[in-house]
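Below is one structure, written out as structure tokens; the observations come after it.
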Amino acid sequence: MKNNNARIRELEAIVARQATLIAELERRLGLNSTTSSTPPSSDGLTKPRAPKRTNVKGRKPGGQRGHKGTTLLRSETPDHIEDHFPHACAHCGHTLNDGMSVRFETRQVQDIPEPSRALACCGLSCPCRHLSAVQRGH
């Protein structure tokens, strides 16, 4: 009996030390550069959570009821047409030939072209040949 009571006290002491250690490790696990004085580089590769978006007006995100939306309409004269013919069926893998087409679907993609530089050459002429300094760009 004495031996059992001593063993129980010993195990209770071990459990208490482990509980203290677990609490300390959980506290450390919750620390990052925003909740402690550590640099952001110590956070590792995890990304911080994005802050929750709060809607000041109390509306849900997305289109609102009663709002008439707009749709980009199909163009009757696209700039260029590309026909795509798959070499094999995406479902069964069967090889397809040019004449095996059963259905043809069309879609339009509207891309914004890359901006390009426009170079303009400007000239100034004056019939009286008296150009002021401002007109010459001085």
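How things are named: the first chain in the structure tokens is A, the next is B, and so on; residues count from 1 in each chain; ligands count from 1 in the order shown.
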
| task | Excluding segment 84-96 of chain A and residues on its chain fewer than 4 positions from it, collect all residues at most 12 Å away from it, counting only C-alpha atoms, and give them as a PyMOL selection string. | result | chain A and resi 100-107

| DSSP on the backbone: what in chain A comes out helix (DSSP H, G or I), as a PyMOL selection string? | chain A and resi 2-29+40-43+98-100+133-136

| task | Using only C-alpha atoms, determine which residues lie at most 10 Å from segment 109-118 of chain A, disregarding the query and same-chain residues fewer than 5 positions distant; provide the list as a PyMOL selection string. | result | chain A and resi 72+74-75+78
